[in-house]
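*Asks:* See work37.txt below, with compact mmCIF, C-alpha atoms and all ligand atoms.
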```
# COMPACT_ATOMS: atom_id res chain seq x y z
CA MET A 1 23.87 5.55 -4.46
CA SER A 2 24.81 6.83 -1.04
CA ALA A 3 26.29 10.26 -0.76
CA GLY A 4 29.86 9.89 0.45
CA LEU A 5 29.90 6.09 0.19
CA CYS A 6 31.54 4.28 -2.70
CA PRO A 7 30.04 1.22 -4.37
CA VAL A 8 31.07 -1.80 -2.38
CA SER A 9 31.16 -5.51 -2.59
CA ALA A 10 30.52 -7.63 0.47
CA GLY A 11 34.25 -8.15 0.89
CA SER A 12 34.97 -4.43 1.08
CA LEU A 13 32.42 -3.67 3.81
CA PRO A 14 33.97 -2.75 7.17
CA VAL A 15 34.21 -5.65 9.62
CA ARG A 16 31.74 -3.91 11.90
CA THR A 17 29.18 -3.67 9.08
CA ARG A 18 29.61 -7.31 8.09
CA ALA A 19 29.16 -8.34 11.71
CA ALA A 20 26.06 -6.15 12.05
CA ALA A 21 24.55 -7.61 8.85
CA ALA A 22 25.26 -11.14 10.07
CA ALA A 23 23.65 -10.33 13.43
CA THR A 24 20.60 -8.94 11.62
CA ARG A 25 20.17 -12.18 9.70
CA ALA A 26 20.79 -14.35 12.75
CA VAL A 27 18.30 -12.54 15.01
CA ASN A 28 15.66 -12.57 12.26
CA GLY A 29 16.22 -16.28 11.73
CA LEU A 30 15.77 -16.94 15.46
CA SER A 31 12.71 -14.71 15.57
CA ARG A 32 11.10 -16.59 12.68
CA ARG A 33 11.88 -19.96 14.23
CA ALA A 34 10.43 -18.79 17.57
CA ARG A 35 7.37 -17.56 15.66
CA ALA A 36 7.78 -14.20 17.39
CA GLY A 37 6.76 -12.37 14.23
CA HIS A 38 7.78 -12.08 10.61
CA GLY A 39 11.39 -11.58 11.71
CA THR A 40 11.59 -8.22 9.98
CA VAL A 41 12.20 -5.70 12.75
CA ALA A 42 14.07 -7.30 15.66
CA GLY A 43 17.15 -8.20 13.58
CA GLY A 44 17.23 -4.80 11.93
CA ARG A 45 17.22 -3.08 15.31
CA VAL A 46 20.11 -5.21 16.53
CA GLY A 47 22.05 -4.52 13.32
CA LEU A 48 21.53 -0.77 13.59
CA ALA A 49 22.64 -0.83 17.24
CA LEU A 50 25.89 -2.53 16.19
CA ASP A 51 26.50 -0.23 13.21
CA PRO A 52 24.49 3.00 13.03
CA LEU A 53 25.56 3.41 9.37
CA LEU A 54 24.41 -0.11 8.46
CA LEU A 55 21.56 1.04 6.21
CA GLU A 56 23.70 3.45 4.18
CA ARG A 57 26.51 0.92 3.83
CA LEU A 58 24.26 -1.96 2.77
CA ALA A 59 22.47 0.28 0.25
CA ALA A 60 25.65 1.65 -1.35
CA GLY A 61 26.26 0.45 -4.89
CA ARG A 62 22.72 -0.79 -5.51
CA PRO A 63 20.18 0.65 -7.95
CA THR A 64 17.64 1.83 -5.36
CA ALA A 65 14.01 2.94 -5.51
CA LEU A 66 11.98 4.19 -2.55
CA VAL A 67 8.18 4.01 -2.57
CA SER A 68 6.11 6.31 -0.36
CA GLY A 69 2.66 7.87 -0.02
CA THR A 70 -0.39 7.29 2.15
CA ASN A 71 -2.04 4.58 0.06
CA GLY A 72 -0.69 1.71 -2.04
CA LYS A 73 2.90 1.58 -0.76
CA THR A 74 3.12 -2.16 -0.11
CA THR A 75 1.42 -3.11 -3.38
CA THR A 76 3.43 -0.67 -5.51
CA THR A 77 6.69 -1.79 -3.89
CA ARG A 78 5.95 -5.39 -4.83
CA LEU A 79 4.83 -4.44 -8.35
CA LEU A 80 8.00 -2.39 -8.90
CA ALA A 81 10.25 -5.21 -7.69
CA VAL A 82 8.53 -7.55 -10.15
CA ALA A 83 8.66 -4.97 -12.96
CA ILE A 84 12.46 -4.54 -12.80
CA GLU A 85 13.28 -8.20 -12.36
CA GLY A 86 13.84 -8.82 -16.08
CA ALA A 87 16.15 -5.83 -16.45
CA LEU A 88 17.98 -5.78 -13.12
CA GLY A 89 17.38 -9.15 -11.47
CA PRO A 90 15.66 -10.00 -8.16
CA ALA A 91 15.40 -7.05 -5.80
CA ALA A 92 15.86 -6.63 -2.06
CA ILE A 93 12.39 -5.71 -0.83
CA ASN A 94 10.68 -5.12 2.54
CA ALA A 95 7.66 -7.09 1.41
CA THR A 96 5.71 -7.21 4.65
CA GLY A 97 5.33 -3.47 5.11
CA SER A 98 8.03 -2.95 7.76
CA ASN A 99 8.72 0.45 6.29
CA MET A 100 11.11 2.06 8.76
CA PRO A 101 14.92 1.67 8.90
CA ALA A 102 14.94 -1.63 10.85
CA GLY A 103 12.78 -3.17 8.10
CA HIS A 104 15.01 -1.69 5.38
CA VAL A 105 18.16 -3.08 7.02
CA THR A 106 16.52 -6.50 7.22
CA ALA A 107 15.67 -6.45 3.51
CA LEU A 108 19.17 -5.35 2.47
CA ALA A 109 21.05 -7.71 4.81
CA ALA A 110 19.24 -10.66 3.22
CA ALA A 111 20.11 -9.65 -0.38
CA PRO A 112 23.34 -10.26 -2.30
CA PRO A 113 25.63 -7.23 -2.79
CA GLY A 114 24.73 -5.20 -5.88
CA ALA A 115 21.17 -6.54 -6.14
CA PRO A 116 18.69 -3.72 -6.73
CA ALA A 117 16.65 -2.47 -3.78
CA VAL A 118 12.97 -1.51 -3.80
CA LEU A 119 11.98 -0.20 -0.38
CA GLU A 120 8.62 0.87 0.95
CA VAL A 121 9.17 3.93 3.17
CA ASP A 122 6.97 5.52 5.82
CA GLU A 123 6.03 9.04 4.70
CA GLY A 124 7.71 10.63 7.72
CA TYR A 125 11.01 8.79 7.15
CA LEU A 126 11.23 9.52 3.43
CA PRO A 127 13.19 12.82 3.65
CA ARG A 128 15.85 11.18 5.80
CA LEU A 129 16.20 8.21 3.44
CA ILE A 130 16.41 10.44 0.38
CA ALA A 131 19.22 12.36 2.07
CA THR A 132 21.19 9.33 3.29
CA LEU A 133 20.65 6.86 0.42
CA GLY A 134 20.40 9.22 -2.56
CA PRO A 135 18.13 6.78 -4.45
CA GLU A 136 17.85 6.75 -8.24
CA VAL A 137 14.05 6.84 -8.08
CA VAL A 138 11.43 7.84 -5.53
CA VAL A 139 7.82 6.85 -6.19
CA LEU A 140 5.34 9.36 -4.70
CA LEU A 141 1.80 7.95 -4.68
CA ASN A 142 -0.52 10.32 -2.78
CA LEU A 143 -0.91 12.17 0.51
CA SER A 144 -4.11 11.95 2.53
CA ARG A 145 -5.17 12.00 6.19
CA ASP A 146 -4.01 8.92 8.09
CA GLN A 147 -3.36 7.90 11.72
CA LEU A 148 -4.48 11.21 13.13
CA ASP A 149 -2.64 10.71 16.44
CA ARG A 150 0.72 9.83 14.88
CA THR A 151 1.42 11.44 11.52
CA SER A 152 1.99 15.05 10.58
CA GLU A 153 -0.56 17.03 8.67
CA VAL A 154 -0.21 16.15 4.99
CA ARG A 155 0.78 19.67 3.95
CA MET A 156 3.75 19.53 6.30
CA VAL A 157 4.78 16.14 4.90
CA ALA A 158 4.62 17.53 1.35
CA SER A 159 6.88 20.45 2.31
CA LYS A 160 9.45 18.12 3.87
CA TRP A 161 9.44 15.89 0.77
CA ARG A 162 9.92 18.96 -1.41
CA ARG A 163 12.96 20.16 0.54
CA ALA A 164 14.53 16.68 0.50
CA LEU A 165 14.06 16.26 -3.26
CA ALA A 166 15.40 19.75 -3.99
CA ALA A 167 18.57 18.79 -2.09
CA SER A 168 19.00 15.48 -3.98
CA PRO A 169 19.23 16.53 -7.65
CA ALA A 170 20.19 13.07 -8.96
CA THR A 171 17.00 11.47 -7.60
CA VAL A 172 14.12 11.15 -10.08
CA PRO A 173 10.68 11.39 -8.48
CA VAL A 174 8.01 9.34 -10.25
CA ALA A 175 5.04 11.34 -9.06
CA ASN A 176 1.26 11.10 -9.21
CA ALA A 177 0.42 14.30 -11.11
CA ASP A 178 -3.25 14.05 -10.11
CA ASP A 179 -2.42 14.80 -6.46
CA PRO A 180 -1.55 18.51 -6.03
CA LEU A 181 0.37 17.86 -2.80
CA VAL A 182 2.55 15.26 -4.52
CA VAL A 183 3.15 17.67 -7.42
CA TRP A 184 4.12 20.38 -4.94
CA ALA A 185 6.66 18.00 -3.39
CA ALA A 186 8.10 16.71 -6.67
CA SER A 187 8.30 20.17 -8.26
CA GLY A 188 11.38 20.75 -6.13
CA ALA A 189 13.26 18.05 -8.10
CA ALA A 190 15.31 18.45 -11.24
CA LYS A 191 13.65 15.89 -13.53
CA PRO A 192 10.31 14.55 -12.25
CA VAL A 193 8.34 11.94 -14.20
CA TRP A 194 4.64 12.95 -14.11
CA VAL A 195 2.14 10.10 -14.04
CA GLY A 196 -1.60 10.59 -14.52
CA ALA A 197 -2.60 7.94 -11.99
CA GLY A 198 -5.89 9.51 -10.86
CA LEU A 199 -7.03 10.59 -7.39
CA SER A 200 -10.34 9.54 -5.97
CA TRP A 201 -9.98 11.10 -2.48
CA ARG A 202 -9.52 14.86 -2.91
CA GLU A 203 -10.59 16.15 0.47
CA ASP A 204 -6.97 16.77 1.49
CA ALA A 205 -5.95 18.28 -1.83
CA VAL A 206 -8.24 21.28 -2.36
CA GLY A 207 -6.08 23.88 -0.58
CA CYS A 208 -3.31 25.16 -2.86
CA PRO A 209 0.11 24.55 -1.26
CA SER A 210 1.54 27.43 -3.31
CA CYS A 211 -0.84 30.32 -2.51
CA GLU A 212 -3.37 28.84 -0.04
CA GLY A 213 -6.14 29.47 -2.56
CA ARG A 214 -8.61 26.82 -3.66
CA ILE A 215 -7.70 24.26 -6.32
CA GLY A 216 -10.37 23.48 -8.91
CA PHE A 217 -10.68 19.94 -10.26
CA ALA A 218 -12.07 19.13 -13.70
CA ALA A 219 -14.83 16.53 -13.86
CA GLY A 220 -13.68 12.90 -13.71
CA GLU A 221 -10.86 11.42 -11.69
CA ASP A 222 -8.16 12.26 -14.21
CA GLY A 223 -9.42 15.52 -15.66
CA GLY A 224 -6.68 17.74 -14.30
CA TRP A 225 -6.67 20.55 -11.77
CA ALA A 226 -5.51 24.15 -11.45
CA CYS A 227 -5.35 27.05 -9.01
CA ARG A 228 -5.79 30.73 -9.91
CA CYS A 229 -2.14 31.36 -8.97
CA GLY A 230 -1.01 29.22 -11.91
CA PHE A 231 -0.12 26.09 -9.94
CA SER A 232 -1.68 23.31 -12.01
CA ARG A 233 -1.28 19.73 -13.15
CA PRO A 234 1.96 19.44 -15.16
CA PRO A 235 2.01 17.89 -18.65
CA LEU A 236 1.85 14.11 -18.23
CA ASP A 237 4.64 11.73 -19.23
CA VAL A 238 2.31 8.73 -18.91
CA ARG A 239 -1.30 8.17 -17.89
CA ILE A 240 -3.93 5.48 -17.41
CA ASP A 241 -6.82 5.32 -19.85
CA GLY A 242 -9.15 2.46 -18.90
CA ASP A 243 -7.02 -0.67 -19.08
CA ASP A 244 -4.32 1.03 -21.14
CA VAL A 245 -1.14 2.81 -20.20
CA VAL A 246 -0.64 5.73 -22.59
CA LEU A 247 2.86 7.17 -23.05
CA ALA A 248 3.48 10.83 -23.89
CA GLY A 249 4.04 10.04 -27.57
CA GLY A 250 0.63 8.36 -27.79
CA ARG A 251 1.88 4.77 -27.63
CA ARG A 252 -0.61 2.48 -25.83
CA LEU A 253 0.12 -0.66 -23.82
CA ARG A 254 -2.67 -2.88 -22.51
CA VAL A 255 -2.36 -3.71 -18.79
CA ALA A 256 -3.98 -7.07 -18.08
CA LEU A 257 -3.93 -6.77 -14.31
CA ALA A 258 -4.73 -9.70 -12.04
CA LEU A 259 -5.26 -7.37 -9.06
CA PRO A 260 -8.72 -5.76 -8.91
CA GLY A 261 -9.75 -2.12 -8.69
CA ARG A 262 -8.97 1.33 -10.10
CA PHE A 263 -6.42 1.95 -7.36
CA ASN A 264 -4.39 -1.10 -8.38
CA ARG A 265 -4.27 0.12 -11.99
CA ALA A 266 -2.90 3.36 -10.53
CA ASN A 267 -0.32 1.43 -8.48
CA ALA A 268 0.63 -0.58 -11.58
CA VAL A 269 1.24 2.45 -13.80
CA MET A 270 3.30 4.11 -11.05
CA ALA A 271 5.38 0.92 -10.72
CA ALA A 272 5.85 0.56 -14.48
CA ALA A 273 6.90 4.21 -14.82
CA ALA A 274 9.41 3.78 -12.00
CA ALA A 275 10.74 0.60 -13.61
CA ALA A 276 11.18 2.46 -16.91
CA ALA A 277 13.07 5.21 -15.04
CA MET A 278 15.37 2.48 -13.67
CA GLY A 279 16.08 1.10 -17.12
CA ALA A 280 13.41 -1.56 -17.67
CA GLY A 281 11.50 -1.72 -20.97
CA TRP A 282 7.90 -0.49 -20.79
CA GLU A 283 6.45 -3.62 -22.43
CA ASP A 284 8.36 -5.95 -20.13
CA ALA A 285 7.42 -3.94 -17.02
CA VAL A 286 3.71 -3.78 -17.91
CA ARG A 287 3.57 -7.50 -18.66
CA ARG A 288 5.25 -8.42 -15.40
CA VAL A 289 3.06 -6.26 -13.13
CA GLY A 290 0.00 -7.88 -14.71
CA GLU A 291 1.01 -11.27 -13.36
CA VAL A 292 0.95 -10.31 -9.66
CA ASP A 293 -2.33 -11.60 -8.20
CA GLU A 294 -1.87 -11.09 -4.45
CA VAL A 295 0.25 -8.82 -2.28
CA ALA A 296 0.87 -9.69 1.40
CA GLY A 297 -2.53 -11.38 1.70
CA ARG A 298 -4.56 -8.53 0.21
CA PHE A 299 -7.39 -9.89 -1.98
CA ALA A 300 -6.55 -13.46 -0.98
CA VAL A 301 -9.59 -15.73 -0.71
CA VAL A 302 -9.20 -17.79 2.44
CA GLY A 303 -11.17 -20.23 4.51
CA VAL A 304 -12.42 -18.74 7.80
CA ALA A 305 -14.13 -21.28 10.07
CA GLY A 306 -15.53 -23.10 7.09
CA CYS A 307 -16.55 -19.98 5.16
CA ALA A 308 -14.89 -18.34 2.16
CA ALA A 309 -13.75 -14.76 2.65
CA ARG A 310 -11.94 -12.31 0.38
CA LEU A 311 -9.57 -10.26 2.57
CA MET A 312 -9.05 -6.57 1.93
CA LEU A 313 -7.05 -3.96 3.84
CA ALA A 314 -7.97 -0.27 4.19
CA LYS A 315 -6.16 1.93 6.68
CA ASN A 316 -7.58 5.40 6.12
CA PRO A 317 -10.52 7.19 4.47
CA ALA A 318 -8.91 7.30 1.02
CA GLY A 319 -8.26 3.55 1.11
CA TRP A 320 -11.76 2.78 2.39
CA ARG A 321 -13.34 4.82 -0.38
CA GLU A 322 -11.42 2.88 -3.03
CA LEU A 323 -12.44 -0.49 -1.55
CA LEU A 324 -16.09 0.54 -1.16
CA ASP A 325 -15.99 1.53 -4.86
CA LEU A 326 -14.71 -1.98 -5.55
CA VAL A 327 -17.20 -4.01 -3.47
CA CYS A 328 -20.35 -1.91 -3.75
CA PRO A 329 -21.47 -2.97 -7.22
CA GLY A 330 -21.69 -6.57 -5.88
CA GLU A 331 -24.15 -8.32 -3.62
CA ARG A 332 -21.92 -10.28 -1.27
CA PRO A 333 -22.24 -9.86 2.48
CA VAL A 334 -19.65 -7.39 3.77
CA VAL A 335 -17.79 -7.61 7.08
CA VAL A 336 -16.10 -4.39 8.20
CA GLY A 337 -13.51 -4.64 10.97
CA ILE A 338 -11.89 -1.86 13.01
CA ASN A 339 -9.19 -1.99 15.69
CA ALA A 340 -7.42 1.02 17.20
CA ARG A 341 -4.06 -0.31 18.34
CA VAL A 342 -0.78 1.58 17.96
CA ALA A 343 -0.24 0.13 14.48
CA ASP A 344 -3.71 1.29 13.41
CA GLY A 345 -3.60 4.70 15.07
CA ARG A 346 -5.35 5.01 18.43
CA ASP A 347 -7.90 7.54 17.22
CA PRO A 348 -10.72 6.01 15.12
CA SER A 349 -12.52 9.32 14.45
CA TRP A 350 -11.57 8.96 10.78
CA LEU A 351 -14.53 6.56 10.55
CA TRP A 352 -16.70 9.66 10.07
CA ASP A 353 -14.83 10.51 6.86
CA VAL A 354 -15.56 7.12 5.24
CA PRO A 355 -18.65 6.99 2.98
CA PHE A 356 -20.21 3.93 4.66
CA GLU A 357 -23.59 5.12 3.32
CA ARG A 358 -22.67 3.21 0.19
CA LEU A 359 -23.28 -0.09 2.04
CA ARG A 360 -27.02 0.54 2.35
CA GLY A 361 -29.02 -2.43 1.14
CA ARG A 362 -26.22 -4.93 1.80
CA THR A 363 -25.81 -7.59 4.48
CA VAL A 364 -23.30 -5.88 6.80
CA VAL A 365 -21.57 -7.11 9.95
CA ALA A 366 -19.42 -4.77 12.09
CA THR A 367 -16.50 -6.39 13.90
CA GLY A 368 -13.16 -5.79 15.64
CA GLU A 369 -12.21 -4.20 18.94
CA ARG A 370 -13.86 -0.92 17.97
CA CYS A 371 -16.97 -2.52 16.47
CA ARG A 372 -19.14 -0.31 18.66
CA ASP A 373 -17.62 2.89 17.23
CA LEU A 374 -18.23 1.41 13.82
CA ALA A 375 -21.79 0.49 14.74
CA VAL A 376 -22.53 4.11 15.69
CA ARG A 377 -21.10 5.30 12.38
CA LEU A 378 -23.16 2.72 10.44
CA ARG A 379 -26.27 3.75 12.35
CA TYR A 380 -25.83 7.38 11.29
CA ALA A 381 -25.15 6.16 7.75
CA GLU A 382 -28.52 4.35 7.94
CA VAL A 383 -26.90 1.00 7.20
CA PRO A 384 -28.69 -1.87 9.00
CA HIS A 385 -26.07 -4.22 10.39
CA ARG A 386 -25.17 -6.74 13.05
CA THR A 387 -22.32 -6.25 15.52
CA VAL A 388 -20.14 -9.30 16.25
CA ARG A 389 -16.89 -8.47 18.04
CA ASP A 390 -14.94 -11.62 17.15
CA GLU A 391 -13.80 -11.45 13.53
CA VAL A 392 -14.11 -15.14 12.72
CA ALA A 393 -17.61 -15.28 14.22
CA ALA A 394 -18.46 -12.12 12.27
CA VAL A 395 -17.42 -13.69 8.95
CA ARG A 396 -19.46 -16.76 9.74
CA ALA A 397 -22.50 -14.67 10.72
CA ALA A 398 -22.26 -12.72 7.45
CA TRP A 399 -21.90 -15.89 5.44
CA MET A 400 -24.91 -17.51 7.09
CA ALA A 401 -26.95 -14.35 6.53
CA GLY A 402 -25.88 -14.26 2.88
CA ARG A 403 -26.85 -17.89 2.33
CA GLY A 404 -30.13 -17.27 4.11
CA ALA A 405 -30.89 -14.38 1.78
CA ALA A 406 -29.90 -16.41 -1.29
CA ALA A 407 -31.76 -19.59 -0.39
CA ALA A 408 -34.85 -17.99 1.19
CA GLY A 409 -36.20 -21.46 1.87
CA PRO A 410 -36.27 -24.10 4.59
CA GLY A 411 -32.65 -25.02 3.79
CA ALA A 412 -31.52 -21.49 4.51
CA ARG A 413 -30.95 -22.19 8.20
CA ARG A 414 -28.87 -25.31 7.66
CA ALA A 415 -25.27 -25.07 8.73
CA PRO A 416 -23.10 -24.48 5.65
CA ALA A 417 -20.76 -27.16 4.40
CA PRO A 418 -17.12 -26.30 5.15
CA VAL A 419 -15.22 -24.60 2.34
CA ALA A 420 -11.56 -25.37 1.90
CA ALA A 421 -9.31 -22.36 1.27
CA SER A 422 -7.92 -24.02 -1.83
CA SER A 423 -11.37 -24.49 -3.32
CA ALA A 424 -12.67 -21.11 -2.28
CA ALA A 425 -11.77 -19.35 -5.52
CA SER A 426 -15.38 -19.35 -6.67
CA SER A 427 -17.03 -16.08 -5.75
CA GLU A 428 -20.35 -17.77 -4.98
CA GLY A 429 -21.04 -17.72 -1.27
CA GLN A 430 -18.05 -15.52 -0.54
CA VAL A 431 -17.92 -12.83 2.09
CA ASP A 432 -15.97 -9.61 1.52
CA PHE A 433 -13.94 -8.65 4.59
CA ILE A 434 -12.49 -5.13 4.80
CA GLY A 435 -10.41 -4.41 7.87
CA ASN A 436 -7.91 -1.83 9.01
CA TYR A 437 -4.36 -2.98 9.69
CA THR A 438 -4.49 -5.22 12.75
CA ALA A 439 -8.08 -6.30 12.08
CA PHE A 440 -6.84 -7.54 8.69
CA THR A 441 -3.65 -9.19 9.96
CA ASP A 442 -5.44 -10.85 12.89
CA LEU A 443 -8.01 -12.43 10.61
CA MET A 444 -5.36 -13.44 8.09
CA ALA A 445 -3.41 -15.25 10.85
CA ARG A 446 -6.52 -17.01 12.11
CA ALA A 447 -7.60 -17.91 8.58
CA THR A 448 -4.27 -19.59 8.03
CA ARG A 449 -4.81 -21.69 11.13
CA THR A 450 -8.51 -22.42 10.73
CA GLY A 451 -8.83 -22.33 6.95
CA ALA A 452 -9.55 -25.66 5.31
ZN ZN B 501 -2.54 28.61 -5.78
```
Go through the file and emit its structure as structure tokens.
Ligand SMILES: [Zn+2]
*Replies:*
Amino acid sequence: MSAGLCPVSAGSLPVRTRAAAAATRAVNGLSRRARAGHGTVAGGRVGLALDPLLLERLAAGRPTALVSGTNGKTTTTRLLAVAIEGALGPAAINATGSNMPAGHVTALAAAPPGAPAVLEVDEGYLPRLIATLGPEVVVLLNLSRDQLDRTSEVRMVASKWRRALAASPATVPVANADDPLVVWAASGAAKPVWVGAGLSWREDAVGCPSCEGRIGFAAGEDGGWACRCGFSRPPLDVRIDGDDVVLAGGRRLRVALALPGRFNRANAVMAAAAAAAMGAGWEDAVRRVGEVDEVAGRFAVVGVAGCAARLMLAKNPAGWRELLDLVCPGERPVVVGINARVADGRDPSWLWDVPFERLRGRTVVATGERCRDLAVRLRYAEVPHRTVRDEVAAVRAAWMAGRGAAAAGPGARRAPAPVAASSAASSEGQVDFIGNYTAFTDLMARATRTGA
């Protein structure tokens, strides 16, 4: 609940705030009708211009959780909203990843007073939102290098989180105990919940934030860590063990997750732990998160110019590593797409941190506006590939190559029969597409138009 603001009903909001909320909704409605976007930012900006305290006032009186970290924010936000629905009802949520104040205002202006709020928050904005909203729960996923031209160094982000949490004693951080930087941040809080969610990307976590020594990790992704100064993984309140969630007392709950991958099991246990901290039952929360099968288009199988493609989003080296872990045991053709617009970060040098070597032996097509940077990286990784700048053409080229490899006969060169998006659930003949942010959203938009 907001510091200095009392719980309110819609009727008790100041006239200015009600007008600003109405303007937010109206502008977003116009924006959606004009197809000028998702209608998630323009209205929020107008609302904040009319009432600079709009966010605090709309958030007052709601059970509120903030979700932040470099990887998994959008998915965990959705999973948490679903997990608390049985206990607290439908939540206000910024589902499309507009994770700065204009997006938060939009989510809250559209929700009834008193409804819970689950908000994805940009890492840099989190300290400010902790201070102004005083949320019940803050979910801290991980911190790794991302958007090198825009974001602060992760150690600086961790220090700012730590100061904000120390100054907000009523806020409970639900923190990934396998990331030392997250533990450093959450250790400033009064009552953290420590979750053993695993950490596959450790390259940003080896320097001890306490003494600047070197942190040693035990073998395995969840084996714990410690520094000589005594800074080490805290005792866990809950952890993942295979497909199970294990509570501190030893109780096990099976998570039957529709979303694929180790990282989504990690997101699910973080969401369930946060839901429990907000008053949901563990069994109910775990069952509900298992039913989510797609988040904002991620992992959707769509039709792209007559081909079937599974869409995946990776924005930074940690995210790419997780998705390469997911796709590399398979044999499908893989299309990798890179843009470098403002929303992606203008500097694509992070490509050199991604273990593309793992794609050796696969049919690979490089695409997107920075396909040539990607092609150089793939060349040094000794991954034979084709370069096709247009994403739709790239998916089609990969699909044709995959069918050619599978058929290896005279029919291999025949044009493939169109695949409808609705019938594309079969994995046979599918292409895996992994793109960074705008490469992913561009293809998703074109798939919607061209699919089926
Ligand atoms: Zn140390």
*Asks:* Residues contacting ligand ZN 501 (chain B) - anything with an atom at most 12 Å away, using all atoms listed in the file - can you give me those as an MDAnalysis selection string?
*Replies:* chainID A and resid 180:181 184 205:216 225:233
*Asks:* Quick one: of A:Thr387, A:Ser200, A:Asn94, A:Thr171, who's nearest to Pro63 (chain A), counting all atoms listed in the file?
*Replies:* A:Thr171
*Asks:* To one decimal in Å, tell me the separation between CA of Val335 (chain A) and CA of Val364 (chain A).
*Replies:*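 According to the coordinates, CA of Val335 (chain A) and CA of Val364 (chain A) are separated by 5.8 Å.
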*Asks:* Could you check which of A:Gly29, A:Ala65, A:Thr75, A:Thr438 is closest to Val342 (chain A), using all atoms listed in the file?
*Replies:*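 With all atoms listed in the file as the atom set, the closest residue is A:Thr438.
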*Asks:* Taking 5 positions as the minimum chain separation for residues in the same chain, which residues sit within 6 Å of region 275-287 of chain A when counting all atoms listed in the file? Answer as a list in words.
*Replies:* Ala83, Ile84 and Ala87 of chain A
*Asks:* Go ahead and save the picked residues with C-alpha atoms, as an mmCIF file, in the frame of the given file.
*Replies:*
```cif
data_model
loop_
_atom_site.group_PDB
_atom_site.id
_atom_site.type_symbol
_atom_site.label_atom_id
_atom_site.label_comp_id
_atom_site.auth_asym_id
_atom_site.auth_seq_id
_atom_site.Cartn_x
_atom_site.Cartn_y
_atom_site.Cartn_z
ATOM 1 C CA ALA A 83 8.660 -4.970 -12.960
ATOM 2 C CA ILE A 84 12.460 -4.540 -12.800
ATOM 3 C CA ALA A 87 16.150 -5.830 -16.450
#
```
*Asks:* List every protein, DNA or RNA residue that has at least one atom no more than 12 Å from (-5.4, 8.5, 9.7) in the file's coordinates, counting all atoms listed in the file, and write the result as number ranges by chain.
*Replies:* A: 70-71, 143-154, 204, 314-320, 340, 342-354, 436-437
*Asks:* Counting all atoms listed in the file, figure out which residue out of A:Ala266, A:Leu378, A:Leu324, A:Ala34 gets nearest to Asp432 (chain A).
*Replies:*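 Nearest candidate to Asp432 (chain A) out of A:Ala266, A:Leu378, A:Leu324, A:Ala34: A:Leu324.
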*Asks:* What box, with edges along x, y and z, holds each listed atom of region 136-142 of chain A when 5 Å is added on every side, and can you state its centre and edge lengths in Å to one decimal, as JSON?
*Replies:*
```
{"center_x": 8.7, "center_y": 8.5, "center_z": -5.5, "size_x": 28.4, "size_y": 13.6, "size_z": 15.5}
```
*Asks:* What is the distance between CA of Gly220 (chain A) and CA of Val195 (chain A), in Å to one decimal?
*Replies:* 16.1 Å
*Asks:* What is the distance, in Å and to one decimal place, between CA of Leu108 (chain A) and CA of Asn264 (chain A)?
*Replies:*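 Here the two named atoms are 26.3 Å from each other.
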*Asks:* For region 239-245 of chain A, find every residue with an atom within 7 Å (counting only C-alpha atoms), except residues of its own chain fewer than 5 positions away, and show them as a ChimeraX atom specification.
*Replies:* /A:195-197,252-255,269
*Asks:* Of the residues A:Gly72, A:Pro329, A:Gly61, A:Gly404, which is the one nearest to Asn267 (chain A), using all atoms listed in the file?
*Replies:*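 Checking each of A:Gly72, A:Pro329, A:Gly61, A:Gly404 against Asn267 (chain A), counting all atoms listed in the file, the winner is A:Gly72.
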*Asks:* Have a look at A:Val138, A:Phe217, A:Thr77, A:Leu133 and name the one nearest to Lys191 (chain A); count all atoms listed in the file.
*Replies:*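 Result for the nearest residue to Lys191 (chain A): A:Val138.
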*Asks:* Considering all atoms listed in the file, can you say which of A:Ile338, A:Val41, A:Val392, A:Leu140 comes closest to Cys371 (chain A)?
*Replies:*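 Comparing A:Ile338, A:Val41, A:Val392, A:Leu140 against Cys371 (chain A), the winner is A:Ile338.
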*Asks:* Do a neighbour search on Val137 (chain A) at 7 Å with all atoms listed in the file, toss out local chain neighbours closer than 2 positions, and write the hits as a list of chain:residue names.
*Replies:*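 That gives A:Thr64, A:Ala65, A:Leu66, A:Pro135, A:Val139, A:Thr171, A:Val172, A:Pro173, A:Val174, A:Ala274.
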*Asks:* Could you give me, as a PyMOL selection string, the residues within 10 Å of Ala189 (chain A), counting all atoms listed in the file and dropping anything in the same chain fewer than 5 positions from it?
*Replies:* chain A and resi 161-173+184
*Asks:* Would you mind listing what lies within 9 Å of Val105 (chain A) as a list in words, with only C-alpha atoms counted and same-chain residues fewer than 2 positions away left out?
*Replies:*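 Contacts, with the query itself left out: Ala21, Thr24, Thr40, Val41, Gly43, Gly44, Arg45, Gly47, Leu48, Leu54, Leu55, Leu58, Ala59, Asn94, Met100, Pro101, Ala102, Gly103, Ala107, Leu108, Ala109 and Ala110 of chain A.
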